[in-house]
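Accompanying notes for the structure given below.
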Amino acid sequence: MKNFDWITPATAKEAVEACTAGRTFMGGGTDLVTLMKAGLVEPAGLVSLSRVTGLDAIAEDGEGLMLGARVTLAALAENTAVARRAPAVADSARNTATPLVRNRATVGGNLCQRPRCWYFRHPDYKCSKKGGDTCYAIEGENKYHAIFENTTCNIVHPSNLGPAFMAHDAELVILGPKGERKLSIHEFWVRPEEDMKTEIALDAGELITRVDLKPMPARTGSAFEEVNEKQSFDWGLVAAAVRLTLDGDKAADVRIILGAVAPVPLRHAEAEKALTGRVPDEKAALAAAEKAVEGATPLRDNHYKIAMLKACVKNAILMAAARARKAGG
Amino acid sequence: MATEDKKVKLVLGFAGAREEVEITIPDEEPVPWDLTTQFSVVGGKHPRSDAQAKVTGRAKYTHDINLPGMLFGGFARSPHAAAEIVAIDTSAAEKIDGVKAVIPMQQERVRYAGQPVAALAATTRQALAAGIAAVKVEWKPLPHAARIEDAMREGAPVVHKNQQSNVTGSGRARNDERVVAELGSSHKVVKATARTQVQTHSCLETHGTVAQWKGDDLTIWTSTQATFGVRSQVADALRIDESKVTVLCDFMGGGFGSKFGAGYFTAIAARLAQMAGAPVKIMFDRREEHTDTGNRPDSIQEMELGVSADGKLGPYSVKLTGTPGIGRGAGAANPMIYDFPRELRAVSQTEVATNAGQQAAMRAPGHPQGSFALETILDLAAEAIGMDPLEFRIKNDSNPVRLAQYEEGARRIGWKNRRKNGSATGRLRRGLGVASGTWGGLGGPSAEVDCRIFKDGSVQVRNGSQDIGTGTKTVMAVVAAEELGLPLEKVRPFMGDTNDPVGPASGGSTTAPSIAPAARQAAYLAGRELKALVAKHLGVDAAKLLMKNGRVSTAEGKGLSFEDACRLISTGEIRARGKRRSNFKTFRGGVAGCQFAEVEVDCDYGLVRVVRIIALQDAGIIVNRLQAESQVNGGVIQGLAYALHEERVMDRQLGHQMNANFEMYKIPGMKDMPEIECVLYDVANGGNNTSVCGIGEPTCIPTASAIAGAIHNALGVRVLSLPMTPDKVLAALATKGAGK
């Protein structure tokens with residue numbers, strides 16, 4: 001690890017001003033520090049968000065939920081308003097890593113974390129993401145890699161809040177050198193074919209300050225389901241976030257987002273369509289889940305993800321539907 | 001002093017099988033404990049003597065040693081799995097600010113990624129990293145084979161120079177032909193190929209050493225399983241007198257077999273310290289720990305077993321293949337435990353060299369991998385003849401301790417409610433499994449312990465070998481307290497300093513059974529001296545004096561308190577040396593254990609949750625029940641990790657380990673833990689004056705096999721490969737068409 005400056009601004013504006021060339025923001029640091037230790041990033045300075053005021057609040061009003069970027073996953077998991085108004089987000093936060101990590105890791109950091117692909121993380125592999133000319137996962141050890149949109153690069157996006165935020169149409173509030181802007185979470189992800197060097201649409205020096213979630217309509221439920229090899233601290237093998245509204249007893253306004261199976265979280269219109277207008281029971285859920293895994297392009301060692309993802313989508317649909325039935329309105 | 005041998009009668013065995021034996025022991029040996037002994041300290045639940053120091057952080061591990069002016073040492077390592085070193089130039093590294101010493105490790109070629117090529121010492125970690133980066137090596141990369149599959153392929157790159165092939169061993173066994181013939185005439189023949197993975201030791205405290213010179217004298221702090229082994233190996237490597245070397249290891253954060261020797265880094269730390277004129281600390285990082293400190297070899301075990309209609313084991317053929325990396329030795333203990341007809345076994349062994357770090361002994365070497373395959377073929381055989389797998393084992397196991405354990409374990413897990421294999425339905429399916437373990441762990445010479453009784457009534461027991469976290473220190477204290485009739489807290493144990501009496505390397509679960517008898521004898525001899533003083537003072541016969549309840553007195557009560565007795569010491573202290581002698585007659589040659597597992601499989605995801613493990617284990621006479629239970633828990637946890645999670649993943653392209661960390665090398669955590677029920681069997685095994693046996697290794701042997709059996713029971717299909725991860729469970733379910 002190289003030496004670096006340590007800056008602790010008091011406001012978001014100061015933080016953005018301080019984050020000049022070569023410097024980077026640090027929230028919980030749970031990912032950034034591992035990247036620095038591996039020599040994958042060598043920032044000249046860290047702009048710590050630890051003392052920035054106003055970034056760690058969870059606020060609730062008629063407009064919805066506002067989550068500060070420095071809200072920890074532990075705080076998110078424990079918050080009753082989040083559990084009530086965005087159950088998929090609460091599911092997702094609860095399932096992440098360990099209590100130790102959840103106490104440090106932040107909402108903003110979860111969205112900005114880099115992929116866990118072991119070729120990307122290994123210092124002796126110059127893969128295409130690091131300026132090389134190949135994706136080692138294609139021929140290599142690819143049990144944990146992508147099964148969709150994986151011709152160029154086989155990472156899976158590691159953010160588990162990402163799919164849950166997509167199910168709730170989150171809007172990101174971003175502060176940068178040119179001022180504040182808002183960006184839909186659906187526009188946030190960058191595919192390797194667009195830009196190999198990044199996974200997200202933040203410009204240099206831009207900082208996520210808040211994530212806004214609109215209120216859910218009546219009779220709506222959401223859920224996030226993730227499968228892990230072990231239950232204490234593990235990355236998802238597959239994940240699904242689902243939201244639906246009941247129109248009578250039929251599913252409407254369906255969102256189905258797949259996680260841990262592609263370089264970005266995938267919203268799946270075909271699967272959503274398959275469920276829309278149907279009673280969201282086991283049979284309909286399975287039909288939608290089958291749609292969701294159509295066209296998968298697994299690698300040598302990750303065919304298992306197809307069956308697993310199918311079950312995962314089905315279970316997330318059933319959980320979201322059960323919650324919708326219980327919800328008021 | 002003339003000594004006479006004594007003849008003593010002992011009652012050995014356990015509640016289920018008693019056996020009277022007569023042995024002859026020297027006069028200076030206490031009468032061995034047996035089934036008739038009444039204990040006051042032994043067998044209780046005692047927190048370990050260093051518990052407070054450990055939980056408060058006062059305990060100093062090698063990692064915690066920081067000396068004034070100390071330098072940080074480390075290694076430049078190969079980025080290639082196989083390469084020739086055309087040239088190595090350390091001159092730029094030597095010029096880096098803060099770099100104080102550089103040692104090129106002369107080599108013509110490297111044979112695994114991460115192999116060290118130069119050692120450096122620097123004033124800071126940053127300077128060390130800069131120095132390592134500045135070591136210039138001109139490589140000529142060579143083709144490599146980092147995985148066993150790649151190395152076995154025809155035309156595979158050959159790992160070792162001067163060898164034709166990576167494969168050694170013919171794959172043929174002596175009585176192949178006879179076994180093949182007998183298989184042909186067996187009632188039923190079952191075949192299976194089981195595979196186990198490479199597991200790394202994953203010590204929480206990584207390997208490392210701090211070396212400090214004072215004049216010609218060298219002090220080594222090191223995280224080791226063998227303080228005395230390190231002393232002689234370092235003296236030998238540096239060509240200095242052993243009398244000049246002191247090795248210290250007060251506390252130690254896990255070895256599991258990988259810290260059995262000094263390691264190349266210890267002598268290097270000493271040489272760097274000598275060159276730089278300052279102490280040097282080398283502690284491996286997690287990547288180095290995974291890739292360069294040893295591992296449990298993988299295995300491919302092809303088995304064929306014939307069974308009779310009434311469920312007796314018949315002819316058995318097993319072909320074992322495994323990789324020791326660039327090292328030697330990759331056997332699996334298969335068969336074992338059960339009553340296979342001796343003349344009808346055909347066991348062949350093949351080793352495959354790979355471009356990977358070399359294997360090292362790991363907790364019950366050969367056994368967990370052998371067990372997984374063996375118990376697999378047993379379950380399949382039982383299924384083939386329609387017999388209950390527990391009944392099948394009972395029919396083929398003659399160990400009296402284990403037979404008792406089977407009965408008790410079956411009762412506790414509710415075996416009678418076990419359903420037929422594969423009869424469970426629905427998403428969550430439960431199943432039960434059973435498997436067995438065996439181990440030696442009787443210990444033996446050389447081990448010596450000093451017992452010191454001070455004038456104020458306090459007591460020390462001292463041995464110079466190491467307590468590797470298993471609690472040997474506390475075992476010494478318990479044994480001495482029992483012998484001297486004192487409460488445990490009156491006896492202070494010391495280990496981990498080679499200036500104290502000699503002791504064994506910690507391997508084969510032999511440390512406690514080697515040291516405890518020496519500790520008891522030391523306390524016995526020291527107590528005898530104290531008794532002589534009391535006898536003289538009170539005018540009673542020393543032979544009539546007992547040491548009990550803090551008193552030295554006759555059965556009638558004539559005597560002194562221990563403290564008053566100690567005031568009679570005129571020589572400053574009593575110091576007696578106990579010596580471990582060779583084993584006497586024993587009840588059994590080793591220890592017995594078996595485990596029962598209950599699992600719940602989520603068939604949507606192929607996820608296995610272990611609900612419960614019942615671990616039944618004998619370890620001779622149990623000295624400290626709390627620690628023994630801890631040992632069992634630890635074995636089960638490591639066994640569960642082996643069953644479901646741990647696996648070294650080598651990249652077939654560049655030959656690196658892809659998961660040399662604790663993120664993708666998966667170690668289970670709290671949420672993955674089952675309920676563990678530990679059932680200890682007190683067996684007066686004889687063999688030494690305490691009947692203590694080792695328990696570190698045997699309890700990690702059957703866990704994975706019992707879990708595999710339970711999965712088989714739940715799903716009706718066998719997962720033949722470790723770790724039994726969701727992808728493999730889903731694949732197994734798919735072959736059965738039972739996915740829904």
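Every chain in the structure tokens has a letter given in the order shown (A, B, ...), and although residue numbers restart at 1 in each chain, ligands are simply numbered from 1 in the order shown.
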
Shell of 7 Å around Ile621 (chain B), only C-alpha atoms, local chain residues under 2 positions omitted, as an MDAnalysis selection string: chainID B and resid 619 623 682:684 691:692

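Residues surrounding Ala516 (chain B) within 8 Å are Val475, Met476, Val479, Thr690 and Val692 of chain B [only C-alpha atoms; sequence separation below 6 positions excluded].
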
Could you give me, as a tab-separated table, a per-residue list for chain A showing, wherever an atom lies at most 10 Å from an atom of chain B, the closest pair of atoms and their distance in Å to one decimal, using only C-alpha atoms and sorting by chain then residue number from low to high?
```
residue	atom	partner	partner_atom	distance
A:Met1	CA	B:Gln126	CA	7.2
A:Lys2	CA	B:Gln126	CA	7.3
A:Asn3	CA	B:Gln126	CA	8.4
A:Thr98	CA	B:Gly669	CA	9.2
A:Arg116	CA	B:Met664	CA	9.1
A:Cys117	CA	B:Met658	CA	9.5
A:Trp118	CA	B:Met658	CA	5.9
A:Tyr119	CA	B:Met658	CA	7.3
A:Arg121	CA	B:Met658	CA	9.0
A:His122	CA	B:Met658	CA	7.4
A:Pro123	CA	B:Pro79	CA	9.2
A:Asp124	CA	B:Pro79	CA	6.5
A:Tyr125	CA	B:Leu654	CA	8.3
A:Tyr136	CA	B:Gln653	CA	7.9
A:Ala137	CA	B:Asp651	CA	9.6
A:Glu139	CA	B:Gln653	CA	7.8
A:Gly140	CA	B:Asp651	CA	6.2
A:Glu141	CA	B:Asp651	CA	6.0
A:Asn142	CA	B:Asp651	CA	9.7
A:Lys143	CA	B:Asp727	CA	8.8
A:Tyr144	CA	B:Met664	CA	9.9
A:Val227	CA	B:Tyr605	CA	7.2
A:Asn228	CA	B:Leu607	CA	8.4
A:Glu229	CA	B:Thr725	CA	6.7
A:Lys230	CA	B:Pro668	CA	6.5
A:Gln231	CA	B:Lys671	CA	5.6
A:Ser232	CA	B:Gly669	CA	5.0
A:Phe233	CA	B:Gly669	CA	7.5
A:Asp234	CA	B:Glu663	CA	7.4
A:Trp235	CA	B:Met664	CA	8.6
A:Leu237	CA	B:Pro726	CA	9.6
A:Val238	CA	B:Tyr605	CA	9.8
A:Asp301	CA	B:Asp727	CA	8.8
A:Asn302	CA	B:Asp727	CA	7.8
A:His303	CA	B:Asp727	CA	8.3
A:Tyr304	CA	B:Asp727	CA	5.3
A:Lys305	CA	B:Asp727	CA	7.8
A:Ala307	CA	B:Tyr605	CA	7.9
A:Met308	CA	B:Tyr605	CA	5.3
A:Leu309	CA	B:Tyr605	CA	8.5
A:Lys310	CA	B:Asp604	CA	8.8
A:Ala311	CA	B:Asp604	CA	5.7
A:Cys312	CA	B:Asp604	CA	7.8
A:Lys314	CA	B:Asp604	CA	9.8
A:Asn315	CA	B:Asp604	CA	9.2
```

Selected residues written out with C-alpha atoms, as a JSON list (two decimals), in the first residue's frame:
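The resulting file, result-v1.json, is shown below:
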```json
[["chain", "number", "residue", "atom", "x", "y", "z"],
["A", 1, "MET", "CA", 0.00, 0.00, 0.00],
["A", 2, "LYS", "CA", 1.31, 3.45, -0.92],
["A", 3, "ASN", "CA", 1.23, 6.43, 1.41],
["A", 98, "THR", "CA", -21.34, -10.17, 8.92],
["A", 116, "ARG", "CA", -15.12, -9.70, -6.51],
["A", 117, "CYS", "CA", -14.01, -11.67, -9.60],
["A", 118, "TRP", "CA", -10.89, -13.47, -8.41],
["A", 119, "TYR", "CA", -9.05, -12.73, -11.63],
["A", 121, "ARG", "CA", -8.64, -9.12, -7.65],
["A", 122, "HIS", "CA", -5.44, -11.09, -8.25],
["A", 123, "PRO", "CA", -2.36, -8.92, -8.84],
["A", 124, "ASP", "CA", -0.82, -11.36, -11.32],
["A", 125, "TYR", "CA", -3.73, -11.40, -13.79],
["A", 136, "TYR", "CA", -9.59, -15.30, -17.70],
["A", 137, "ALA", "CA", -12.94, -16.52, -16.42],
["A", 139, "GLU", "CA", -11.51, -20.69, -19.81],
["A", 140, "GLY", "CA", -10.59, -20.60, -16.17],
["A", 141, "GLU", "CA", -12.18, -21.21, -12.80],
["A", 142, "ASN", "CA", -15.63, -19.80, -13.40],
["A", 143, "LYS", "CA", -17.96, -21.32, -10.83],
["A", 144, "TYR", "CA", -18.89, -17.92, -9.42],
["A", 227, "VAL", "CA", -28.40, -17.82, -2.15],
["A", 228, "ASN", "CA", -25.04, -18.20, -0.42],
["A", 229, "GLU", "CA", -22.82, -21.24, -0.03],
["A", 230, "LYS", "CA", -22.39, -20.37, 3.60],
["A", 231, "GLN", "CA", -24.60, -18.27, 5.79],
["A", 232, "SER", "CA", -21.97, -16.25, 7.64],
["A", 233, "PHE", "CA", -20.25, -13.81, 5.30],
["A", 234, "ASP", "CA", -20.47, -14.94, 1.73],
["A", 235, "TRP", "CA", -21.13, -13.48, -1.70],
["A", 237, "LEU", "CA", -24.35, -17.19, -5.99],
["A", 238, "VAL", "CA", -27.62, -15.85, -7.39],
["A", 301, "ASP", "CA", -18.59, -24.56, -14.06],
["A", 302, "ASN", "CA", -21.68, -22.46, -13.43],
["A", 303, "HIS", "CA", -24.55, -24.27, -15.11],
["A", 304, "TYR", "CA", -25.91, -24.86, -11.61],
["A", 305, "LYS", "CA", -26.78, -21.17, -11.41],
["A", 307, "ALA", "CA", -31.68, -24.03, -11.65],
["A", 308, "MET", "CA", -30.70, -22.09, -8.57],
["A", 309, "LEU", "CA", -31.71, -18.73, -10.06],
["A", 310, "LYS", "CA", -35.01, -20.14, -11.22],
["A", 311, "ALA", "CA", -35.85, -21.27, -7.69],
["A", 312, "CYS", "CA", -34.57, -18.00, -6.28],
["A", 314, "LYS", "CA", -39.77, -18.08, -7.79],
["A", 315, "ASN", "CA", -39.24, -17.77, -4.04]]
```

Which of region 76-225 of chain B DSSP labels helix (DSSP H, G or I), written as a PyMOL selection string: chain B and resi 91-95+125-134+148-152+176-184

Could you give me, as an mmCIF file with N, CA and C atoms, in the first residue's frame, each residue of region 119-235 of chain A that DSSP assigns to strand (DSSP E) when run on this structure's backbone?
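Output (result-v7.cif):
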```cif
data_model
loop_
_atom_site.group_PDB
_atom_site.id
_atom_site.type_symbol
_atom_site.label_atom_id
_atom_site.label_comp_id
_atom_site.auth_asym_id
_atom_site.auth_seq_id
_atom_site.Cartn_x
_atom_site.Cartn_y
_atom_site.Cartn_z
ATOM 1 N N GLU A 171 -33.869 6.682 -6.642
ATOM 2 C CA GLU A 171 -33.225 7.798 -7.334
ATOM 3 C C GLU A 171 -32.009 8.210 -6.523
ATOM 4 N N LEU A 172 -30.879 8.310 -7.212
ATOM 5 C CA LEU A 172 -29.657 8.676 -6.510
ATOM 6 C C LEU A 172 -29.439 10.177 -6.589
ATOM 7 N N VAL A 173 -29.104 10.776 -5.460
ATOM 8 C CA VAL A 173 -28.731 12.193 -5.445
ATOM 9 C C VAL A 173 -27.215 12.242 -5.445
ATOM 10 N N ILE A 174 -26.672 12.925 -6.475
ATOM 11 C CA ILE A 174 -25.226 12.908 -6.696
ATOM 12 C C ILE A 174 -24.696 14.334 -6.684
ATOM 13 N N LEU A 175 -23.659 14.534 -5.891
ATOM 14 C CA LEU A 175 -23.027 15.851 -5.831
ATOM 15 C C LEU A 175 -21.661 15.750 -6.499
ATOM 16 N N GLY A 176 -21.395 16.728 -7.385
ATOM 17 C CA GLY A 176 -20.112 16.680 -8.081
ATOM 18 C C GLY A 176 -19.541 18.063 -8.246
ATOM 19 N N GLY A 179 -21.976 20.496 -9.459
ATOM 20 C CA GLY A 179 -23.225 20.684 -8.718
ATOM 21 C C GLY A 179 -23.963 19.369 -8.520
ATOM 22 N N GLU A 180 -25.257 19.495 -8.151
ATOM 23 C CA GLU A 180 -26.031 18.302 -7.811
ATOM 24 C C GLU A 180 -26.816 17.811 -9.020
ATOM 25 N N ARG A 181 -26.926 16.478 -9.123
ATOM 26 C CA ARG A 181 -27.800 15.921 -10.160
ATOM 27 C C ARG A 181 -28.511 14.701 -9.586
ATOM 28 N N LYS A 182 -29.570 14.304 -10.265
ATOM 29 C CA LYS A 182 -30.282 13.105 -9.847
ATOM 30 C C LYS A 182 -30.214 12.070 -10.946
ATOM 31 N N LEU A 183 -30.118 10.815 -10.539
ATOM 32 C CA LEU A 183 -29.973 9.738 -11.510
ATOM 33 C C LEU A 183 -30.802 8.549 -11.042
ATOM 34 N N SER A 184 -31.603 8.020 -11.961
ATOM 35 C CA SER A 184 -32.354 6.808 -11.622
ATOM 36 C C SER A 184 -31.377 5.645 -11.441
ATOM 37 N N LEU A 207 -19.995 12.253 -5.910
ATOM 38 C CA LEU A 207 -20.285 11.558 -4.669
ATOM 39 C C LEU A 207 -21.793 11.321 -4.555
ATOM 40 N N ILE A 208 -22.175 10.058 -4.288
ATOM 41 C CA ILE A 208 -23.586 9.801 -3.978
ATOM 42 C C ILE A 208 -23.827 10.328 -2.567
ATOM 43 N N THR A 209 -24.809 11.204 -2.413
ATOM 44 C CA THR A 209 -25.084 11.714 -1.065
ATOM 45 C C THR A 209 -26.348 11.100 -0.478
ATOM 46 N N ARG A 210 -27.255 10.633 -1.350
ATOM 47 C CA ARG A 210 -28.534 10.163 -0.842
ATOM 48 C C ARG A 210 -29.162 9.191 -1.822
ATOM 49 N N VAL A 211 -29.961 8.294 -1.297
ATOM 50 C CA VAL A 211 -30.762 7.414 -2.146
ATOM 51 C C VAL A 211 -32.217 7.609 -1.747
ATOM 52 N N ASP A 212 -33.048 8.045 -2.709
ATOM 53 C CA ASP A 212 -34.461 8.306 -2.422
ATOM 54 C C ASP A 212 -35.330 7.167 -2.951
ATOM 55 N N LEU A 213 -36.238 6.721 -2.115
ATOM 56 C CA LEU A 213 -37.168 5.673 -2.529
ATOM 57 C C LEU A 213 -38.582 6.225 -2.468
ATOM 58 N N THR A 220 -48.910 -3.510 -2.162
ATOM 59 C CA THR A 220 -47.650 -3.796 -2.845
ATOM 60 C C THR A 220 -46.708 -4.500 -1.870
ATOM 61 N N GLY A 221 -45.967 -5.423 -2.390
ATOM 62 C CA GLY A 221 -44.956 -6.097 -1.575
ATOM 63 C C GLY A 221 -43.667 -6.247 -2.359
ATOM 64 N N SER A 222 -42.562 -6.320 -1.643
ATOM 65 C CA SER A 222 -41.287 -6.573 -2.312
ATOM 66 C C SER A 222 -40.472 -7.541 -1.481
ATOM 67 N N ALA A 223 -39.524 -8.162 -2.129
ATOM 68 C CA ALA A 223 -38.664 -9.123 -1.436
ATOM 69 C C ALA A 223 -37.344 -9.245 -2.156
ATOM 70 N N PHE A 224 -36.319 -9.572 -1.381
ATOM 71 C CA PHE A 224 -34.990 -9.839 -1.945
ATOM 72 C C PHE A 224 -34.549 -11.197 -1.436
ATOM 73 N N GLU A 225 -34.144 -12.035 -2.357
ATOM 74 C CA GLU A 225 -33.707 -13.385 -1.992
ATOM 75 C C GLU A 225 -32.323 -13.612 -2.579
ATOM 76 N N GLU A 226 -31.426 -14.128 -1.744
ATOM 77 C CA GLU A 226 -30.058 -14.393 -2.217
ATOM 78 C C GLU A 226 -29.636 -15.766 -1.733
ATOM 79 N N VAL A 227 -28.891 -16.494 -2.554
ATOM 80 C CA VAL A 227 -28.402 -17.816 -2.151
ATOM 81 C C VAL A 227 -26.897 -17.730 -1.937
#
```

Long-range neighbours of region 574-577 of chain B as a ChimeraX atom specification, 12 Å cut-off, only C-alpha atoms, 4 positions minimum in chain: /B:28-29,447-463,480,500-502,515,517-533,565-570

Surrounding residues of Thr222 (chain B) excluding itself and chain neighbours under 4 positions, 10 Å, only C-alpha atoms, as a ChimeraX atom specification: /B:61-63,65,207-211,226-227,230,247-252,259,262,266,281-283,496

Å distance separating CA of Asn110 (chain A) from CA of Ser159 (chain A), one decimal place: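 Result for CA of Asn110 (chain A) versus CA of Ser159 (chain A): 5.6 Å, one decimal.
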
Residues within 7 Å of Gly28 (chain A), only C-alpha atoms, excluding chain neighbours under 6 positions, as a list in words: Arg104, Ala105 and Thr106 of chain A

Atoms to include: C-alpha atoms. Write the selected residues as a PDB file, in the first residue's frame.
```pdb
ATOM      1  CA  ARG A 104     -18.927  -0.352   8.729  1.00  0.00           C
ATOM      2  CA  ALA A 105     -20.283  -0.791   5.229  1.00  0.00           C
ATOM      3  CA  THR A 106     -22.456   1.988   3.821  1.00  0.00           C
TER       4      THR A 106
END
```

CA of Ala274 (chain A) to CA of Ala321 (chain A), straight-line distance in Å: 14.7 Å

Selection: 8 Å around region 48-61 of chain A, only C-alpha atoms, excl. self and same-chain fewer than 3 positions, as a list in words: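 Within the cut-off, the hits are Trp6, Ile7, Thr8, Pro9, Ala10, Thr11, Ala12, Ala15, Phe25, Met26, Gly27, Gly64, Leu65, Met66, Leu67, Gly68, Ala69, Arg70, Val71, Thr72, Ala81, Thr209 and Arg210 of chain A.
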
Atom pair CA of Ala714 (chain B) / CA of Lys736 (chain B): separation (Å):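 These two atoms are separated by 12.6 Å.
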
Distance query Glu42 (chain A) at most 9 Å, only C-alpha atoms, self and fewer than 2 positions along chain excluded, as a VMD selection string: chain A and resid 1 to 4 22 to 23 35 to 37 39 to 40 44 to 45
